[in-house]
>>> print(open('protein10.cif').read())   # mmCIF, C-alpha atoms and all ligand atoms
data_target
#
loop_
_atom_site.label_atom_id
_atom_site.label_comp_id
_atom_site.auth_asym_id
_atom_site.auth_seq_id
_atom_site.Cartn_x
_atom_site.Cartn_y
_atom_site.Cartn_z
CA MET G 1 -16.14 -17.51 -17.46
CA ASP G 2 -18.25 -15.99 -14.70
CA PHE G 3 -17.54 -12.34 -13.86
CA GLU G 4 -20.55 -11.97 -11.52
CA LEU G 5 -19.94 -10.86 -7.95
CA THR G 6 -21.78 -12.66 -5.15
CA ALA G 7 -24.46 -10.75 -3.23
CA GLU G 8 -22.00 -10.36 -0.31
CA GLN G 9 -19.32 -8.99 -2.60
CA GLU G 10 -21.78 -6.50 -4.14
CA LEU G 11 -22.76 -5.37 -0.65
CA LEU G 12 -19.13 -4.95 0.44
CA ASN G 13 -18.33 -3.02 -2.71
CA GLN G 14 -21.26 -0.69 -2.07
CA THR G 15 -20.37 -0.29 1.64
CA ALA G 16 -16.77 0.67 0.83
CA ARG G 17 -17.82 3.08 -1.95
CA GLU G 18 -20.41 4.78 0.26
CA PHE G 19 -18.01 5.01 3.20
CA CYS G 20 -15.46 6.63 0.94
CA GLU G 21 -17.91 9.20 -0.46
CA LYS G 22 -19.39 10.07 2.94
CA GLU G 23 -16.51 9.73 5.43
CA LEU G 24 -13.28 10.19 3.45
CA ILE G 25 -13.63 12.39 0.37
CA PRO G 26 -15.12 15.37 2.28
CA HIS G 27 -11.78 15.69 4.18
CA GLU G 28 -9.51 15.72 1.13
CA GLY G 29 -9.45 19.52 0.95
CA LEU G 30 -8.22 19.77 4.55
CA LEU G 31 -5.32 17.41 3.86
CA GLU G 32 -4.33 19.26 0.70
CA LYS G 33 -4.34 22.61 2.53
CA THR G 34 -2.62 21.58 5.75
CA ASN G 35 -0.60 18.51 4.71
CA GLU G 36 -1.77 16.98 8.00
CA LEU G 37 -4.21 14.25 8.93
CA PRO G 38 -5.41 15.28 12.43
CA ARG G 39 -5.13 12.44 14.93
CA GLU G 40 -8.78 12.90 16.06
CA LEU G 41 -9.97 12.58 12.45
CA GLU G 42 -7.91 9.44 11.90
CA LEU G 43 -9.34 7.87 15.08
CA ASP G 44 -12.86 8.95 14.16
CA ILE G 45 -12.57 7.27 10.73
CA ARG G 46 -11.19 4.15 12.41
CA ARG G 47 -14.18 4.05 14.83
CA LYS G 48 -16.70 4.56 12.04
CA ALA G 49 -15.02 1.84 9.97
CA MET G 50 -15.46 -0.53 12.92
CA THR G 51 -19.19 0.13 13.07
CA VAL G 52 -19.68 -0.79 9.39
CA GLY G 53 -17.40 -3.85 9.60
CA LEU G 54 -14.57 -2.54 7.40
CA HIS G 55 -11.93 -2.33 10.15
CA ALA G 56 -9.36 -5.16 9.86
CA CYS G 57 -11.59 -6.95 7.33
CA ASN G 58 -8.43 -8.42 5.74
CA MET G 59 -7.51 -10.37 8.88
CA PRO G 60 -8.57 -14.01 9.38
CA GLU G 61 -11.63 -14.80 11.50
CA SER G 62 -9.36 -16.74 13.90
CA VAL G 63 -7.89 -13.41 15.13
CA GLY G 64 -11.16 -11.46 15.03
CA GLY G 65 -11.11 -10.25 11.41
CA ALA G 66 -13.70 -10.71 8.68
CA GLY G 67 -11.68 -13.40 6.88
CA LEU G 68 -12.56 -11.99 3.47
CA ASP G 69 -11.40 -13.66 0.29
CA CYS G 70 -9.02 -11.77 -1.96
CA VAL G 71 -11.70 -10.72 -4.48
CA SER G 72 -13.75 -9.15 -1.66
CA LEU G 73 -10.69 -7.46 -0.17
CA THR G 74 -9.74 -6.04 -3.54
CA LEU G 75 -13.24 -4.58 -3.91
CA VAL G 76 -12.89 -2.97 -0.47
CA ALA G 77 -9.45 -1.55 -1.30
CA LYS G 78 -10.78 -0.15 -4.58
CA GLY G 79 -13.90 1.29 -3.04
CA LEU G 80 -11.97 3.13 -0.33
CA SER G 81 -9.12 4.28 -2.54
CA ARG G 82 -11.07 6.76 -4.59
CA ALA G 83 -10.10 9.03 -1.66
CA SER G 84 -6.57 10.26 -0.99
CA LEU G 85 -4.24 7.75 0.61
CA ALA G 86 -3.94 9.08 4.17
CA LEU G 87 -7.73 8.97 4.50
CA ALA G 88 -8.19 5.61 2.78
CA GLU G 89 -5.55 4.04 5.03
CA SER G 90 -7.30 5.30 8.14
CA VAL G 91 -9.68 2.42 7.50
CA ARG G 92 -7.22 -0.03 8.93
CA ARG G 93 -6.29 -3.18 7.09
CA PRO G 94 -3.42 -4.27 9.35
CA CYS G 95 -0.29 -5.88 7.97
CA ASN G 96 -0.98 -9.61 7.84
CA ILE G 97 2.50 -10.33 9.25
CA LEU G 98 0.72 -9.83 12.58
CA THR G 99 -1.20 -13.07 12.09
CA ALA G 100 2.10 -14.80 12.96
CA CYS G 101 1.93 -13.32 16.50
CA GLU G 102 2.13 -15.79 19.36
CA GLY G 103 1.79 -15.65 23.16
CA GLU G 104 2.49 -12.21 24.63
CA GLN G 105 2.73 -10.74 21.11
CA VAL G 106 -0.98 -11.42 20.72
CA THR G 107 -2.02 -9.59 23.89
CA HIS G 108 0.48 -6.72 23.53
CA PHE G 109 0.28 -6.08 19.75
CA LEU G 110 -2.27 -8.08 17.76
CA ASP G 111 -5.34 -7.82 20.01
CA PRO G 112 -5.06 -4.01 20.47
CA VAL G 113 -4.68 -3.65 16.66
CA MET G 114 -7.83 -5.69 16.13
CA ARG G 115 -9.67 -3.55 18.74
CA GLY G 116 -8.57 -0.40 16.90
CA GLU G 117 -6.40 0.75 19.82
CA LYS G 118 -2.97 0.37 18.20
CA ARG G 119 -1.58 0.89 14.71
CA GLU G 120 1.59 -0.58 13.21
CA CYS G 121 4.15 0.68 10.70
CA ILE G 122 6.64 -1.49 8.78
CA ALA G 123 10.37 -0.76 8.68
CA MET G 124 12.45 -2.53 6.07
CA SER G 125 14.03 0.18 3.90
CA GLU G 126 17.31 1.86 4.81
CA PRO G 127 19.39 4.57 3.13
CA ASP G 128 21.62 1.85 1.59
CA ALA G 129 18.98 -0.86 1.26
CA GLY G 130 15.96 -0.09 -0.94
CA SER G 131 15.21 -2.57 -3.73
CA ASP G 132 18.07 -4.67 -2.34
CA LEU G 133 16.63 -5.30 1.12
CA LYS G 134 19.22 -7.95 1.91
CA ALA G 135 21.78 -5.12 2.04
CA MET G 136 20.17 -3.87 5.26
CA LYS G 137 22.61 -2.99 8.07
CA THR G 138 20.29 -2.57 11.07
CA ARG G 139 21.48 -5.21 13.46
CA ALA G 140 20.03 -6.98 16.50
CA VAL G 141 22.57 -8.61 18.81
CA LYS G 142 21.55 -11.18 21.41
CA ASP G 143 22.19 -10.20 25.05
CA GLY G 144 20.91 -12.86 27.46
CA SER G 145 17.30 -13.41 26.48
CA ASP G 146 17.05 -9.86 25.02
CA TRP G 147 18.09 -8.36 21.69
CA VAL G 148 19.84 -5.00 21.37
CA ILE G 149 19.11 -3.13 18.15
CA ASN G 150 21.20 -0.48 16.34
CA GLY G 151 20.67 1.08 12.93
CA THR G 152 18.62 3.49 10.82
CA LYS G 153 15.47 2.96 8.76
CA HIS G 154 14.14 5.59 6.38
CA PHE G 155 11.04 6.24 4.24
CA ILE G 156 8.88 4.67 6.97
CA ALA G 157 5.26 5.67 6.42
CA ASN G 158 2.96 7.23 8.97
CA VAL G 159 5.04 6.51 12.06
CA ARG G 160 3.46 9.34 14.05
CA LEU G 161 0.04 7.67 13.79
CA CYS G 162 1.42 4.35 15.07
CA GLU G 163 2.23 2.76 18.40
CA PHE G 164 4.67 0.07 17.25
CA VAL G 165 6.87 -0.95 14.34
CA ILE G 166 7.29 -4.27 12.55
CA LEU G 167 11.06 -4.13 12.22
CA PHE G 168 13.43 -6.19 10.06
CA ALA G 169 17.03 -6.48 11.27
CA VAL G 170 20.10 -8.64 10.71
CA THR G 171 20.68 -11.13 13.51
CA GLY G 172 23.68 -12.97 12.08
CA GLU G 173 25.32 -14.52 9.03
CA ASP G 174 25.48 -18.05 7.65
CA GLN G 175 28.11 -19.44 5.31
CA THR G 176 26.44 -21.13 2.34
CA PRO G 177 27.88 -22.73 -0.85
CA VAL G 178 27.02 -19.45 -2.68
CA GLY G 179 28.63 -17.19 -0.09
CA THR G 180 27.64 -15.40 3.11
CA ARG G 181 23.90 -15.16 3.73
CA LYS G 182 22.48 -12.68 6.23
CA ARG G 183 19.97 -13.91 8.78
CA ILE G 184 17.16 -11.35 8.73
CA SER G 185 14.65 -11.49 11.55
CA CYS G 186 11.40 -9.71 12.34
CA PHE G 187 10.67 -7.89 15.63
CA LEU G 188 7.72 -5.97 17.05
CA VAL G 189 9.02 -2.84 18.80
CA ASP G 190 7.06 -0.21 20.76
CA LEU G 191 7.76 3.22 19.30
CA ASP G 192 8.31 4.68 22.79
CA ALA G 193 11.10 2.20 23.54
CA PRO G 194 14.16 3.89 25.13
CA GLY G 195 16.81 4.64 22.47
CA LEU G 196 14.35 4.73 19.56
CA GLU G 197 14.17 8.14 17.88
CA VAL G 198 11.36 8.99 15.46
CA ALA G 199 12.65 11.79 13.24
CA ASN G 200 10.90 13.71 10.48
CA GLY G 201 11.46 12.26 7.04
CA TYR G 202 11.84 14.01 3.68
CA GLU G 203 9.42 16.51 2.13
CA GLN G 204 7.61 14.60 -0.62
CA MET G 205 5.89 15.56 -3.89
CA GLY G 206 2.42 14.19 -3.11
CA HIS G 207 0.24 12.13 -0.78
CA ARG G 208 -0.37 15.11 1.48
CA GLY G 209 -1.02 14.21 5.10
CA TYR G 210 0.82 10.91 4.61
CA HIS G 211 4.34 11.42 5.90
CA ASN G 212 7.52 9.40 5.86
CA ASN G 213 9.82 9.21 8.88
CA ILE G 214 13.31 8.15 9.82
CA LEU G 215 13.75 5.67 12.68
CA ARG G 216 17.06 5.63 14.56
CA PHE G 217 17.78 2.71 16.86
CA ASP G 218 20.49 3.38 19.44
CA ASP G 219 20.92 0.34 21.71
CA VAL G 220 17.17 -0.35 21.75
CA ARG G 221 16.58 -3.35 23.98
CA VAL G 222 13.69 -5.70 23.23
CA GLY G 223 12.69 -8.97 24.87
CA GLY G 224 13.19 -12.31 23.14
CA TRP G 225 9.37 -12.63 23.03
CA GLN G 226 9.24 -9.70 20.59
CA MET G 227 10.70 -11.68 17.68
CA VAL G 228 8.04 -12.85 15.21
CA GLY G 229 8.68 -16.29 13.75
CA ALA G 230 12.03 -18.00 14.07
CA GLU G 231 15.39 -16.23 13.98
CA GLY G 232 16.52 -15.67 10.39
CA GLU G 233 13.02 -16.21 9.02
CA GLY G 234 12.01 -12.56 8.77
CA PHE G 235 11.45 -12.66 5.02
CA LYS G 236 9.57 -15.92 5.33
CA VAL G 237 7.21 -14.26 7.83
CA ALA G 238 6.87 -11.29 5.46
CA SER G 239 6.56 -13.20 2.22
CA ASP G 240 2.75 -13.51 2.30
CA TRP G 241 2.54 -9.74 2.68
CA LEU G 242 5.29 -8.81 0.24
CA GLY G 243 4.23 -11.27 -2.40
CA GLY G 244 0.50 -10.80 -2.49
CA PRO G 245 -1.68 -8.33 -0.63
CA GLY G 246 0.75 -5.39 -0.66
CA ARG G 247 1.15 -5.32 -4.45
CA LEU G 248 -2.48 -6.12 -5.17
CA THR G 249 -3.59 -3.33 -2.84
CA ILE G 250 -1.40 -0.87 -4.77
CA ALA G 251 -2.97 -2.10 -8.02
CA ALA G 252 -6.46 -1.62 -6.55
CA VAL G 253 -5.58 1.88 -5.34
CA CYS G 254 -4.32 2.80 -8.82
CA GLN G 255 -7.41 1.37 -10.48
CA ALA G 256 -9.73 3.37 -8.19
CA ARG G 257 -7.89 6.63 -8.82
CA ALA G 258 -7.73 6.07 -12.57
CA GLU G 259 -11.49 5.50 -12.64
CA ARG G 260 -12.09 8.70 -10.67
CA ALA G 261 -9.81 10.73 -12.95
CA PHE G 262 -11.52 9.29 -16.01
CA GLU G 263 -14.99 10.20 -14.72
CA VAL G 264 -13.89 13.81 -14.17
CA ALA G 265 -12.36 13.95 -17.67
CA ALA G 266 -15.35 12.34 -19.41
CA ASP G 267 -17.79 14.73 -17.66
CA CYS G 268 -15.61 17.66 -18.61
CA ALA G 269 -15.50 16.51 -22.26
CA ALA G 270 -19.31 16.34 -22.28
CA GLN G 271 -19.91 19.68 -20.52
CA ARG G 272 -17.15 22.02 -21.69
CA ARG G 273 -18.02 23.78 -24.95
CA GLN G 274 -15.54 25.36 -27.33
CA PHE G 275 -16.05 26.33 -30.97
CA GLY G 276 -19.79 25.97 -30.41
CA GLN G 277 -19.89 22.34 -29.29
CA PRO G 278 -18.89 20.00 -26.43
CA ILE G 279 -15.13 19.38 -26.69
CA GLY G 280 -15.87 15.61 -26.51
CA LYS G 281 -17.23 15.94 -30.06
CA PHE G 282 -13.69 16.63 -31.30
CA GLN G 283 -11.85 13.45 -32.16
CA GLY G 284 -8.68 14.93 -30.64
CA VAL G 285 -10.46 14.78 -27.26
CA SER G 286 -12.71 11.74 -27.69
CA PHE G 287 -10.16 9.22 -29.02
CA PRO G 288 -7.89 9.65 -25.98
CA LEU G 289 -11.01 9.14 -23.83
CA ALA G 290 -11.60 5.84 -25.64
CA ASP G 291 -7.98 4.84 -25.03
CA MET G 292 -8.34 5.69 -21.34
CA ALA G 293 -11.51 3.57 -21.13
CA ILE G 294 -9.68 0.61 -22.71
CA ASP G 295 -6.68 1.05 -20.38
CA ILE G 296 -8.95 1.14 -17.34
CA ARG G 297 -11.01 -1.87 -18.43
CA LEU G 298 -7.81 -3.89 -18.92
CA GLY G 299 -6.57 -2.82 -15.49
CA ASP G 300 -9.80 -3.94 -13.85
CA LEU G 301 -9.77 -7.30 -15.62
CA LEU G 302 -6.15 -7.94 -14.60
CA LEU G 303 -6.73 -6.76 -11.05
CA MET G 304 -9.84 -8.86 -10.42
CA ASN G 305 -8.44 -11.88 -12.26
CA THR G 306 -5.32 -11.71 -10.11
CA ALA G 307 -7.42 -11.52 -6.94
CA TRP G 308 -9.41 -14.53 -8.15
CA ARG G 309 -6.19 -16.46 -8.87
CA VAL G 310 -5.00 -15.71 -5.31
CA ASP G 311 -8.27 -17.19 -4.01
CA GLN G 312 -7.76 -20.28 -6.23
CA ASN G 313 -4.16 -20.69 -4.90
CA PHE G 314 -2.56 -20.44 -8.33
CA PRO G 315 1.17 -21.17 -8.00
CA THR G 316 2.14 -17.95 -9.82
CA VAL G 317 0.43 -15.43 -7.52
CA ILE G 318 3.72 -13.58 -6.91
CA GLU G 319 4.27 -12.97 -10.63
CA ASP G 320 0.54 -12.27 -11.13
CA GLY G 321 0.63 -9.62 -8.38
CA ALA G 322 3.74 -8.08 -9.96
CA MET G 323 1.95 -7.86 -13.33
CA ALA G 324 -1.11 -6.21 -11.77
CA LYS G 325 1.07 -3.69 -9.94
CA VAL G 326 3.09 -2.76 -13.04
CA TRP G 327 0.06 -2.43 -15.30
CA CYS G 328 -2.24 -0.55 -12.92
CA SER G 329 0.44 1.85 -11.62
CA GLU G 330 1.68 2.71 -15.12
CA MET G 331 -1.90 2.90 -16.45
CA LEU G 332 -2.78 5.37 -13.68
CA GLY G 333 0.10 7.60 -14.80
CA ARG G 334 -1.18 7.62 -18.40
CA VAL G 335 -4.80 8.21 -17.39
CA ALA G 336 -3.99 10.99 -14.90
CA ASP G 337 -1.87 12.77 -17.50
CA GLN G 338 -4.51 12.52 -20.23
CA ALA G 339 -7.34 13.50 -17.85
CA ILE G 340 -5.53 16.78 -17.15
CA GLN G 341 -5.05 17.32 -20.89
CA THR G 342 -8.77 16.75 -21.47
CA CYS G 343 -9.73 19.36 -18.89
CA GLY G 344 -7.19 21.93 -20.10
CA GLY G 345 -6.19 24.66 -17.63
CA MET G 346 -8.84 23.62 -15.11
CA GLY G 347 -7.17 20.21 -14.96
CA LEU G 348 -4.18 21.90 -13.32
CA MET G 349 -6.26 23.66 -10.67
CA ALA G 350 -6.92 22.27 -7.20
CA ASP G 351 -10.68 22.73 -7.77
CA LEU G 352 -10.56 19.37 -9.55
CA PRO G 353 -8.87 16.27 -7.98
CA LEU G 354 -6.75 15.70 -11.10
CA GLU G 355 -3.57 17.59 -10.22
CA ARG G 356 -3.48 15.70 -6.91
CA ILE G 357 -4.12 12.33 -8.55
CA TYR G 358 -1.34 13.16 -11.05
CA ARG G 359 1.16 13.99 -8.27
CA ASP G 360 0.19 11.00 -6.13
CA ALA G 361 0.32 8.61 -9.11
CA ARG G 362 4.10 8.95 -9.33
CA PHE G 363 4.62 7.14 -6.04
CA GLU G 364 2.91 3.97 -7.14
CA ARG G 365 5.61 2.92 -9.62
CA ILE G 366 8.23 3.14 -6.89
CA TRP G 367 7.07 1.87 -3.51
CA GLU G 368 6.23 -1.76 -2.67
CA GLY G 369 8.87 -2.66 -5.28
CA THR G 370 9.64 -0.48 -8.31
CA SER G 371 8.32 -1.30 -11.80
CA GLU G 372 11.81 -2.57 -12.67
CA ILE G 373 11.82 -4.98 -9.73
CA GLN G 374 8.32 -6.21 -10.67
CA ARG G 375 9.51 -6.84 -14.24
CA HIS G 376 12.49 -8.69 -12.79
CA ILE G 377 10.09 -10.94 -10.81
CA ILE G 378 7.95 -11.62 -13.89
CA SER G 379 10.84 -12.27 -16.27
CA ARG G 380 12.71 -14.45 -13.74
CA GLN G 381 9.73 -16.80 -13.66
CA LEU G 382 9.55 -16.82 -17.49
CA MET G 383 13.19 -17.94 -17.63
CA ARG G 384 12.76 -20.46 -14.79
CA GLU G 385 9.95 -22.12 -16.76
CA ARG G 386 12.48 -22.54 -19.60
CA GLY G 387 15.15 -23.98 -17.34
CA VAL G 388 17.32 -20.83 -17.29
C1 LIG I 1 6.76 7.82 0.40
C2 LIG I 1 7.41 6.50 0.63
C3 LIG I 1 6.95 5.69 1.68
C4 LIG I 1 7.56 4.45 1.91
N1 LIG I 1 7.14 3.69 2.96
C5 LIG I 1 7.89 2.62 3.34
C6 LIG I 1 7.60 1.94 4.57
O1 LIG I 1 6.63 2.26 5.27
N2 LIG I 1 8.42 0.93 4.94
C7 LIG I 1 9.50 0.55 4.20
O2 LIG I 1 10.21 -0.36 4.62
N3 LIG I 1 9.79 1.16 3.03
C8 LIG I 1 9.02 2.19 2.58
N4 LIG I 1 9.31 2.85 1.40
C9 LIG I 1 10.47 2.41 0.62
C10 LIG I 1 10.12 1.87 -0.75
O3 LIG I 1 9.64 0.56 -0.68
C11 LIG I 1 11.41 2.00 -1.61
O4 LIG I 1 11.47 3.37 -1.97
C12 LIG I 1 11.41 1.13 -2.84
O5 LIG I 1 11.48 -0.22 -2.51
C13 LIG I 1 12.60 1.47 -3.76
O6 LIG I 1 13.80 1.57 -3.07
P1 LIG I 1 14.71 2.90 -3.26
O7 LIG I 1 13.82 4.07 -3.17
O8 LIG I 1 15.82 2.82 -2.28
O9 LIG I 1 15.24 2.84 -4.74
P2 LIG I 1 16.53 2.02 -5.26
O10 LIG I 1 16.44 0.61 -4.82
O11 LIG I 1 17.76 2.79 -4.95
O12 LIG I 1 16.28 2.08 -6.83
C14 LIG I 1 16.65 3.19 -7.63
C15 LIG I 1 16.38 2.81 -9.09
O13 LIG I 1 17.18 1.68 -9.45
C16 LIG I 1 16.35 0.66 -9.97
N5 LIG I 1 16.89 -0.66 -9.61
C17 LIG I 1 17.36 -1.08 -8.40
N6 LIG I 1 17.75 -2.36 -8.49
C18 LIG I 1 17.51 -2.77 -9.75
C19 LIG I 1 17.65 -4.00 -10.44
N7 LIG I 1 18.14 -5.11 -9.85
N8 LIG I 1 17.28 -4.06 -11.75
C20 LIG I 1 16.78 -2.96 -12.37
N9 LIG I 1 16.60 -1.77 -11.76
C21 LIG I 1 16.95 -1.68 -10.46
C22 LIG I 1 15.01 0.89 -9.31
O14 LIG I 1 13.95 0.26 -10.05
C23 LIG I 1 14.92 2.40 -9.33
O15 LIG I 1 14.50 2.84 -10.60
C24 LIG I 1 8.64 4.03 1.10
C25 LIG I 1 9.05 4.84 0.02
C26 LIG I 1 8.45 6.03 -0.22
C27 LIG I 1 8.92 6.88 -1.38
#
>>> encode(input="protein10.cif", output="C-alpha cells")
Amino acid sequence: MDFELTAEQELLNQTAREFCEKELIPHEGLLEKTNELPRELELDIRRKAMTVGLHACNMPESVGGAGLDCVSLTLVAKGLSRASLALAESVRRPCNILTACEGEQVTHFLDPVMRGEKRECIAMSEPDAGSDLKAMKTRAVKDGSDWVINGTKHFIANVRLCEFVILFAVTGEDQTPVGTRKRISCFLVDLDAPGLEVANGYEQMGHRGYHNNILRFDDVRVGGWQMVGAEGEGFKVASDWLGGPGRLTIAAVCQARAERAFEVAADCAAQRRQFGQPIGKFQGVSFPLADMAIDIRLGDLLLMNTAWRVDQNFPTVIEDGAMAKVWCSEMLGRVADQAIQTCGGMGLMADLPLERIYRDARFERIWEGTSEIQRHIISRQLMRERGV
C-alpha cells in the first residue's frame, strides 16, 4: 500500500495550508465579533484564491477548472478548512452540478462563476422536506416555453453572497407500479428575478458570518433554457454532487478542525503546569490525548482512502462517502469536547478557537444528510449485498 502523495499533491497541500494561515485565519476574530463576512473581504479572498490557482480547482479542465483528482481536492478542502467555514468557502469550489450547463446556461451562469464574477447557492430543503427531499412542494408549472415557480425553500446557505440559485422543484407526477412518483427538476434562477424574495433565515448556534436564508417564490417566471438536464432528472443531475464531493468535503472539513483542536489541546497539556508539573504528565490528561490522536489518525485514513476510492471509480463510493462523513463528523464532536476539557476554563474562552470549533462541530452531523441518513445509506447497501 502506497500512502505517498505526489509532488503536485504535496505542493497543493502546502499552498492550501499557507493560504489558510495567511489569508483566512487572521479574519476569524472579525467574524466571531460581528457575525458578518463583509462582501469586500469575500471578494478579496476570491481574487487572491484565483492568483494562486485555488479558485474553482474542483471543476473539470473542459470548463476552465484545474481538473483535480479527488485526493488532491480533499487535500485542498482540508488545508483551507482549518479556518472557519465562511472564510474557507470564500475560496470558491463551485457546485459541480454546473458542469451540466449547456448553451445559454454556460454564458449566463457557468462562465461568470469560473471567472469569479458570480456565486451560486443550492436550494433543495423546505420546511416540510428535509431528509425526505422527495416531499418537496415547490412547484414549477409550464407556461408556453417558460416555467412559473411557486413555493418556499429554507435553510439556504449564504444567499446574500450569491447571484443565482440552483433550484429543485416539482414539475409533475408519474404513475408507477409502486405509486405516484414526483418529477423533480433542476433550474438556475437569478436571485433578482421578479417575485423571488430573499428573507433572513433563523439565528443559528455557530458558523458565525455564514447565514441561512429563506427563499420565497411567488410566480417567478424562468425561461425553458434555465432548466438543467432533462425534465424530471433533477436528482440525476445532482447525484454526483450529493453522493460524493459534498459528503467528502464535510469529512475533510471535520478532519481539519479536529486536527487544529488537537494541536491546541496537546500544546496546552505540554505548557500548562499544575501541581508542579505539566498537566500532560497526568494520565487523566494524557490518555484522552492518545485517544484523540487515534481518532484523528483513523479519520484521516478513512478520508484519504475514500478519496482514493473515488479516483479509482469504486462502485461503492456513495456508501464510502457516507462512512467518511459519519466518522469524521462524530469524531470532530468527540475531539472538540475533549480538547476543551484538556484546556480547562481557558478552553471555554474565545481567546482559543476551541469553543468556536465545538459550536460549529454540531452542524456537521446534520447538514448534507444527517448521521442517521448516512447510516441508512450504508446499511441499505449491506442488506442489498445479501439480497434483502
Ligand atoms: C445551517 C444550515 C445550512 C443549510 N444549508 C442548506 C442549503 O444551502 N441548501 C439546502 O437545500 N439545504 C440546506 N440545509 C438543510 C440540511 O441539509 C437539512 O437540515 C438536513 O438535510 C436535515 O433535514 P432537517 O433539518 O429537515 O431534519 P429532518 O429531516 O426533519 O430530521 C430530523 C431528525 O429525524 C431524523 N430522520 C429523518 N428521517 C429519518 C429516517 N428515515 N431514519 C432515521 N432518522 C431519520 C434525522 O436524522 C434527524 O435526526 C442546511 C441546514 C442547516 C442547518
>>> residues_around(input="protein10.cif", residues="G:Thr342", least_positions_apart="5", cutoff="8 Å", atoms="all atoms listed in the file", output="ChimeraX atom specification")
/G:265,268-269,285,347
>>> closest_residue(input="protein10.cif", among="G:Gln255, G:Thr171, G:Asn35, G:Ser239", to="G:Gly206", atoms="only C-alpha atoms")
G:Asn35
>>> closest_atom_pairs(input="protein10.cif", of="chain G", to="ligand LIG 1 (chain I)", cutoff="8 Å", atoms="all atoms listed in the file", output="Markdown table")
| residue | atom | partner | partner_atom | distance |
| --- | --- | --- | --- | --- |
| G:Cys121 | CA | I:LIG1 | O1 | 6.2 |
| G:Ile122 | CA | I:LIG1 | N2 | 4.9 |
| G:Ala123 | CA | I:LIG1 | O2 | 4.1 |
| G:Met124 | CA | I:LIG1 | O2 | 3.4 |
| G:Ser125 | CA | I:LIG1 | O2 | 3.9 |
| G:Glu126 | CA | I:LIG1 | O8 | 7.3 |
| G:Pro127 | CA | I:LIG1 | O8 | 6.7 |
| G:Asp128 | CA | I:LIG1 | O8 | 7.0 |
| G:Ala129 | CA | I:LIG1 | O8 | 6.0 |
| G:Gly130 | CA | I:LIG1 | O8 | 3.2 |
| G:Ser131 | CA | I:LIG1 | O10 | 3.6 |
| G:Asp132 | CA | I:LIG1 | O10 | 6.1 |
| G:Lys153 | CA | I:LIG1 | O2 | 7.5 |
| G:His154 | CA | I:LIG1 | N3 | 7.1 |
| G:Phe155 | CA | I:LIG1 | C24 | 4.5 |
| G:Ile156 | CA | I:LIG1 | O1 | 3.7 |
| G:Ala157 | CA | I:LIG1 | O1 | 3.9 |
| G:Asn158 | CA | I:LIG1 | O1 | 7.2 |
| G:Gln204 | CA | I:LIG1 | C1 | 6.9 |
| G:His207 | CA | I:LIG1 | C1 | 7.9 |
| G:Tyr210 | CA | I:LIG1 | C1 | 7.9 |
| G:His211 | CA | I:LIG1 | C1 | 7.0 |
| G:Asn212 | CA | I:LIG1 | C3 | 5.6 |
| G:Phe363 | CA | I:LIG1 | C27 | 6.3 |
| G:Ile366 | CA | I:LIG1 | C12 | 5.5 |
| G:Trp367 | CA | I:LIG1 | O3 | 4.0 |
| G:Glu368 | CA | I:LIG1 | O3 | 4.6 |
| G:Gly369 | CA | I:LIG1 | O5 | 4.5 |
| G:Thr370 | CA | I:LIG1 | O14 | 4.7 |
| G:Ser371 | CA | I:LIG1 | O14 | 6.1 |
| G:Glu372 | CA | I:LIG1 | O14 | 4.4 |
| G:Ile373 | CA | I:LIG1 | O14 | 5.7 |
| G:His376 | CA | I:LIG1 | N8 | 6.7 |
>>> axis_aligned_box(input="protein10.cif", around="stretch 112-116 of chain G", padding_each_side="8 Å", output="JSON")
{"center_x": -7.2, "center_y": -3.0, "center_z": 18.3, "size_x": 21.0, "size_y": 21.3, "size_z": 20.3}
>>> closest_residue(input="protein10.cif", among="G:Ile357, G:Ala252, G:Ile377, G:Met383", to="G:Cys328", atoms="all atoms listed in the file")
G:Ala252
>>> atom_distance(input="protein10.cif", atom1="atom CA of G:Val222", atom2="atom CA of G:Thr176")
28.9 Å
